[in-house]
Protein chains: 2
Amino acid sequence: MSKTKNHTTEEIILEAAKKIFQKKGLDGARMQEIADKAGINKSMLHYYYRSKQMLFEAVFNNAFSLLAPQLNTVLNDDSSIEDKIKNFTKDYITFIIKHPYLPSFIIHELNRNPEFINKMKEQIGFPNIDKFKNQVALEVENGTIKPIDAQQLFINIMALNIFPFIASPLIQGIIGLDKKSFKQLIEDRKTQVADFIINAIKN
Amino acid sequence: MSKTKNHTTEEIILEAAKKIFQKKGLDGARMQEIADKAGINKSMLHYYYRSKQMLFEAVFNNAFSLLAPQLNTVLNDDSSIEDKIKNFTKDYITFIIKHPYLPSFIIHELNRNPEFINKMKEQIGFPNIDKFKNQVALEVENGTIKPIDAQQLFINIMALNIFPFIASPLIQGIIGLDKKSFKQLIEDRKTQVADFIINAIKN
DNA sequence: CGTTAGTTTAACCATACGGTTGACAAATAT
DNA sequence: ATATTTGTCAACCGTATGGTTAAACTAACG
């Protein structure tokens, strides 16, 4: 926060905290563990971030600001609904493969602390559904897609894309797949999910 | 486990533990808090369940044995795919309204402890996808539904039904709904989700 | 080369937490 | 009636945990 290069330590801490918090959650994470992962003394965590809660919030904001733009491609982009669905599905899955703990982290912590979302709303870039609502209404009117509520459609798009990552242990257990086959299944979804949604709504 | 009426205390503890664990997770829950909610001394928890871990596992098994039969209606029922989807969607949403913390609880703890699923697999009634696979293959062959992989279809059904409950704070934040409107939105899904899926796969 | 401001560490501290113990009451068996 | 087992509690224990402190180190600058 102060001068020139706050790189190094402060960022190393954030990076280590990200890994630990996203894997173990606020409650499961230990300050000592974060310090160890960062290869520094525990006092440094407090020196740069004051408290566990504040360090956590830094991580959470950081994570949310990665996720939000992804959702905004569905909500605010200028392409047609069909293109949006195709692009989002492909991009989001690619994105999440790089950040596997991110969605379950955000969703779990939001469940434990629902008022968090209010703080997020203030920030610029927070996903807003208004434009998408208009677009759906328009495309329903001119007959490109079947009548559907924009909110429900948005939930469905999120659900089909995000859920498999959040529930992967459960899914792998039930379907009986090893890591590799599951990875392939997810890879297939890059196109399958889009087709599924488009079949569901196209006229 | 021992004699006749192990009601009262042992069950009171389980009930209290359920509430606390499902709301706060294994890491976030405190033994004292569970004891307080049960209105008894903390020693009783250890007297009946030995350790926090074991009490937690009792709660987890209990929760999972509620969820499993729900999933089995999709997998093992004798009705057509279309009927299964309609029934599951309606029943599952009704079910979850009664147990709102259940899906996020199971999914979060399974993420923190993926090997848990292996213990679950041993238990009778653990969901198995084999029958469903055959059924989908058959209905694809005779042309009732479009070609689709049974695994992907199963994931999609779960995703569309379960996700809205897991991610409800996020969804409510983005869509900008109060509790009441969100409840209505969920109510609408009892039929909308089934229609959506059937549109997507029906020939 | 001494001063100063920022950075890092080891040693501490207070408390919270899971778990144990021993005394005692209530129920059950003899 | 009395011994024995089972259930319940208050007090206690050892350790883990988030957080603090004071001293040492480093680098910039006069």
# chains A, B, ... in the order shown; residues from 1 in each chain; ligands from 1
$ closest_atom_pairs --of "chain A" --to "chain B" --cutoff "8 Å" --atoms "only C-alpha atoms" --output "CSV"
residue,atom,partner,partner_atom,distance
A:Lys23,CA,B:Arg112,CA,7.3
A:Lys24,CA,B:Arg112,CA,6.7
A:Asp27,CA,B:Gly28,CA,5.3
A:Gly28,CA,B:Asp27,CA,5.4
A:Ser104,CA,B:His108,CA,7.4
A:Ile107,CA,B:Ala167,CA,5.8
A:His108,CA,B:His108,CA,7.0
A:Leu110,CA,B:Pro169,CA,6.3
A:Asn111,CA,B:Pro169,CA,6.5
A:Arg112,CA,B:Lys24,CA,6.7
A:Pro114,CA,B:Pro169,CA,5.9
A:Ile117,CA,B:Gly173,CA,6.2
A:Asn118,CA,B:Gly173,CA,7.4
A:Lys121,CA,B:Gly173,CA,7.4
A:Phe126,CA,B:Ile174,CA,7.8
A:Pro127,CA,B:Ile174,CA,5.9
A:Asn128,CA,B:Ile174,CA,5.9
A:Ile129,CA,B:Ile175,CA,6.0
A:Gln151,CA,B:Ile175,CA,6.9
A:Gln152,CA,B:Leu185,CA,7.8
A:Ile155,CA,B:Pro164,CA,7.0
A:Asn156,CA,B:Leu160,CA,6.0
A:Ala159,CA,B:Ala159,CA,5.3
A:Leu160,CA,B:Ala159,CA,5.5
A:Phe163,CA,B:Ala159,CA,5.4
A:Pro164,CA,B:Ile155,CA,7.0
A:Ile166,CA,B:Ile107,CA,7.2
A:Ala167,CA,B:Ile107,CA,5.8
A:Ser168,CA,B:Asn111,CA,8.0
A:Pro169,CA,B:Pro114,CA,5.8
A:Leu170,CA,B:Ile117,CA,6.9
A:Ile171,CA,B:Ile155,CA,7.4
A:Gly173,CA,B:Ile117,CA,6.2
A:Ile174,CA,B:Asn128,CA,5.9
A:Ile175,CA,B:Ile129,CA,6.0
A:Leu185,CA,B:Gln152,CA,7.8
A:Arg189,CA,B:Gln152,CA,7.8
A:Phe196,CA,B:Ala200,CA,5.5
A:Ile197,CA,B:Ala200,CA,6.6
A:Ile198,CA,B:Ala200,CA,7.4
A:Asn199,CA,B:Ala200,CA,4.6
A:Ala200,CA,B:Ala200,CA,3.8
A:Ile201,CA,B:Asn199,CA,7.4
$ residues_around --residues "DA11 (chain D)" --least-positions-apart "6" --cutoff "12 Å" --atoms "only C-alpha atoms (C1' of nucleotides)" --output "PyMOL selection string"
(chain B and resi 43) or (chain C and resi 20-23)
$ write_last_selection --atoms "C-alpha atoms (C1' of nucleotides)" --output "PDB file, in the first residue's frame"
ATOM      1  CA  SER B  43     -18.860 -34.361  28.086  1.00  0.00           C
TER       2      SER B  43
ATOM      3  C1'  DT C  20     -10.456 -36.282  30.122  1.00  0.00           C
ATOM      4  C1'  DT C  21     -11.361 -37.117  34.984  1.00  0.00           C
ATOM      5  C1'  DG C  22     -13.651 -37.992  39.077  1.00  0.00           C
ATOM      6  C1'  DA C  23     -17.547 -37.290  41.758  1.00  0.00           C
TER       7       DA C  23
END
$ closest_atom_pairs --of "chain C" --to "chain A" --cutoff "12 Å" --atoms "only C-alpha atoms (C1' of nucleotides)" --output "Markdown table"
| residue | atom | partner | partner_atom | distance |
| --- | --- | --- | --- | --- |
| C:DG6 | C1' | A:Ser2 | CA | 10.4 |
| C:DT7 | C1' | A:Met44 | CA | 8.9 |
| C:DT8 | C1' | A:Met44 | CA | 7.5 |
| C:DT9 | C1' | A:Asn41 | CA | 6.8 |
| C:DA10 | C1' | A:Asn41 | CA | 9.3 |
| C:DA11 | C1' | A:Ser43 | CA | 11.8 |
$ select_by_dssp --residues "region 8-194 of chain A" --states "alpha helix (DSSP H)" --output "ChimeraX atom specification"
/A:8-28,31-38,42-49,52-76,81-98,102-112,116-122,130-141,150-166,168-175,179-194
$ interface_residues --of "chain D" --to "chain B" --cutoff "10 Å" --atoms "only C-alpha atoms (C1' of nucleotides)" --output "PDB file with all heavy atoms, in the first residue's frame"
ATOM      1  P    DG D   7     -26.470 -45.235  29.328  1.00  0.00           P
ATOM      2  OP1  DG D   7     -27.622 -45.240  28.411  1.00  0.00           O
ATOM      3  OP2  DG D   7     -25.090 -45.304  28.794  1.00  0.00           O
ATOM      4  O5'  DG D   7     -26.586 -43.944  30.246  1.00  0.00           O
ATOM      5  C5'  DG D   7     -27.820 -43.694  30.918  1.00  0.00           C
ATOM      6  C4'  DG D   7     -27.751 -42.345  31.626  1.00  0.00           C
ATOM      7  O4'  DG D   7     -26.765 -42.415  32.687  1.00  0.00           O
ATOM      8  C3'  DG D   7     -27.341 -41.166  30.736  1.00  0.00           C
ATOM      9  O3'  DG D   7     -28.244 -40.108  31.027  1.00  0.00           O
ATOM     10  C2'  DG D   7     -25.910 -40.855  31.161  1.00  0.00           C
ATOM     11  C1'  DG D   7     -25.910 -41.293  32.612  1.00  0.00           C
ATOM     12  N9   DG D   7     -24.643 -41.768  33.174  1.00  0.00           N
ATOM     13  C8   DG D   7     -23.774 -42.698  32.657  1.00  0.00           C
ATOM     14  N7   DG D   7     -22.738 -42.939  33.436  1.00  0.00           N
ATOM     15  C5   DG D   7     -22.946 -42.113  34.530  1.00  0.00           C
ATOM     16  C6   DG D   7     -22.153 -41.933  35.710  1.00  0.00           C
ATOM     17  O6   DG D   7     -21.090 -42.483  36.019  1.00  0.00           O
ATOM     18  N1   DG D   7     -22.736 -40.998  36.558  1.00  0.00           N
ATOM     19  C2   DG D   7     -23.906 -40.332  36.330  1.00  0.00           C
ATOM     20  N2   DG D   7     -24.302 -39.480  37.260  1.00  0.00           N
ATOM     21  N3   DG D   7     -24.648 -40.487  35.238  1.00  0.00           N
ATOM     22  C4   DG D   7     -24.107 -41.389  34.397  1.00  0.00           C
ATOM     23  P    DT D   8     -28.179 -38.768  30.195  1.00  0.00           P
ATOM     24  OP1  DT D   8     -29.553 -38.231  30.168  1.00  0.00           O
ATOM     25  OP2  DT D   8     -27.447 -38.984  28.935  1.00  0.00           O
ATOM     26  O5'  DT D   8     -27.326 -37.825  31.145  1.00  0.00           O
ATOM     27  C5'  DT D   8     -27.897 -37.445  32.410  1.00  0.00           C
ATOM     28  C4'  DT D   8     -26.922 -36.563  33.157  1.00  0.00           C
ATOM     29  O4'  DT D   8     -25.814 -37.360  33.644  1.00  0.00           O
ATOM     30  C3'  DT D   8     -26.294 -35.436  32.337  1.00  0.00           C
ATOM     31  O3'  DT D   8     -26.819 -34.195  32.801  1.00  0.00           O
ATOM     32  C2'  DT D   8     -24.788 -35.561  32.580  1.00  0.00           C
ATOM     33  C1'  DT D   8     -24.711 -36.497  33.779  1.00  0.00           C
ATOM     34  N1   DT D   8     -23.499 -37.376  33.826  1.00  0.00           N
ATOM     35  C2   DT D   8     -22.697 -37.343  34.939  1.00  0.00           C
ATOM     36  O2   DT D   8     -22.908 -36.634  35.895  1.00  0.00           O
ATOM     37  N3   DT D   8     -21.603 -38.180  34.882  1.00  0.00           N
ATOM     38  C4   DT D   8     -21.260 -39.030  33.851  1.00  0.00           C
ATOM     39  O4   DT D   8     -20.263 -39.737  33.916  1.00  0.00           O
ATOM     40  C5   DT D   8     -22.160 -39.009  32.716  1.00  0.00           C
ATOM     41  C7   DT D   8     -21.879 -39.894  31.537  1.00  0.00           C
ATOM     42  C6   DT D   8     -23.224 -38.195  32.752  1.00  0.00           C
ATOM     43  P    DC D   9     -26.337 -32.803  32.183  1.00  0.00           P
ATOM     44  OP1  DC D   9     -27.436 -31.828  32.299  1.00  0.00           O
ATOM     45  OP2  DC D   9     -25.718 -33.057  30.868  1.00  0.00           O
ATOM     46  O5'  DC D   9     -25.199 -32.369  33.213  1.00  0.00           O
ATOM     47  C5'  DC D   9     -25.498 -32.318  34.606  1.00  0.00           C
ATOM     48  C4'  DC D   9     -24.232 -32.022  35.389  1.00  0.00           C
ATOM     49  O4'  DC D   9     -23.360 -33.177  35.347  1.00  0.00           O
ATOM     50  C3'  DC D   9     -23.429 -30.843  34.849  1.00  0.00           C
ATOM     51  O3'  DC D   9     -23.429 -29.789  35.794  1.00  0.00           O
ATOM     52  C2'  DC D   9     -22.019 -31.395  34.602  1.00  0.00           C
ATOM     53  C1'  DC D   9     -22.025 -32.735  35.332  1.00  0.00           C
ATOM     54  N1   DC D   9     -21.245 -33.791  34.636  1.00  0.00           N
ATOM     55  C2   DC D   9     -20.175 -34.414  35.288  1.00  0.00           C
ATOM     56  O2   DC D   9     -19.897 -34.066  36.435  1.00  0.00           O
ATOM     57  N3   DC D   9     -19.489 -35.376  34.634  1.00  0.00           N
ATOM     58  C4   DC D   9     -19.819 -35.723  33.399  1.00  0.00           C
ATOM     59  N4   DC D   9     -19.115 -36.686  32.808  1.00  0.00           N
ATOM     60  C5   DC D   9     -20.910 -35.090  32.709  1.00  0.00           C
ATOM     61  C6   DC D   9     -21.583 -34.133  33.357  1.00  0.00           C
ATOM     62  P    DA D  10     -22.999 -28.299  35.391  1.00  0.00           P
ATOM     63  OP1  DA D  10     -24.018 -27.360  35.926  1.00  0.00           O
ATOM     64  OP2  DA D  10     -22.637 -28.279  33.971  1.00  0.00           O
ATOM     65  O5'  DA D  10     -21.672 -28.125  36.260  1.00  0.00           O
ATOM     66  C5'  DA D  10     -21.645 -28.595  37.611  1.00  0.00           C
ATOM     67  C4'  DA D  10     -20.220 -28.602  38.126  1.00  0.00           C
ATOM     68  O4'  DA D  10     -19.506 -29.727  37.555  1.00  0.00           O
ATOM     69  C3'  DA D  10     -19.394 -27.362  37.797  1.00  0.00           C
ATOM     70  O3'  DA D  10     -18.608 -27.034  38.946  1.00  0.00           O
ATOM     71  C2'  DA D  10     -18.566 -27.802  36.591  1.00  0.00           C
ATOM     72  C1'  DA D  10     -18.359 -29.289  36.868  1.00  0.00           C
ATOM     73  N9   DA D  10     -18.247 -30.136  35.670  1.00  0.00           N
ATOM     74  C8   DA D  10     -18.951 -30.033  34.503  1.00  0.00           C
ATOM     75  N7   DA D  10     -18.654 -30.955  33.607  1.00  0.00           N
ATOM     76  C5   DA D  10     -17.682 -31.719  34.247  1.00  0.00           C
ATOM     77  C6   DA D  10     -16.959 -32.858  33.834  1.00  0.00           C
ATOM     78  N6   DA D  10     -17.105 -33.449  32.639  1.00  0.00           N
ATOM     79  N1   DA D  10     -16.065 -33.376  34.699  1.00  0.00           N
ATOM     80  C2   DA D  10     -15.913 -32.799  35.900  1.00  0.00           C
ATOM     81  N3   DA D  10     -16.543 -31.723  36.405  1.00  0.00           N
ATOM     82  C4   DA D  10     -17.419 -31.233  35.512  1.00  0.00           C
TER      83       DA D  10
END
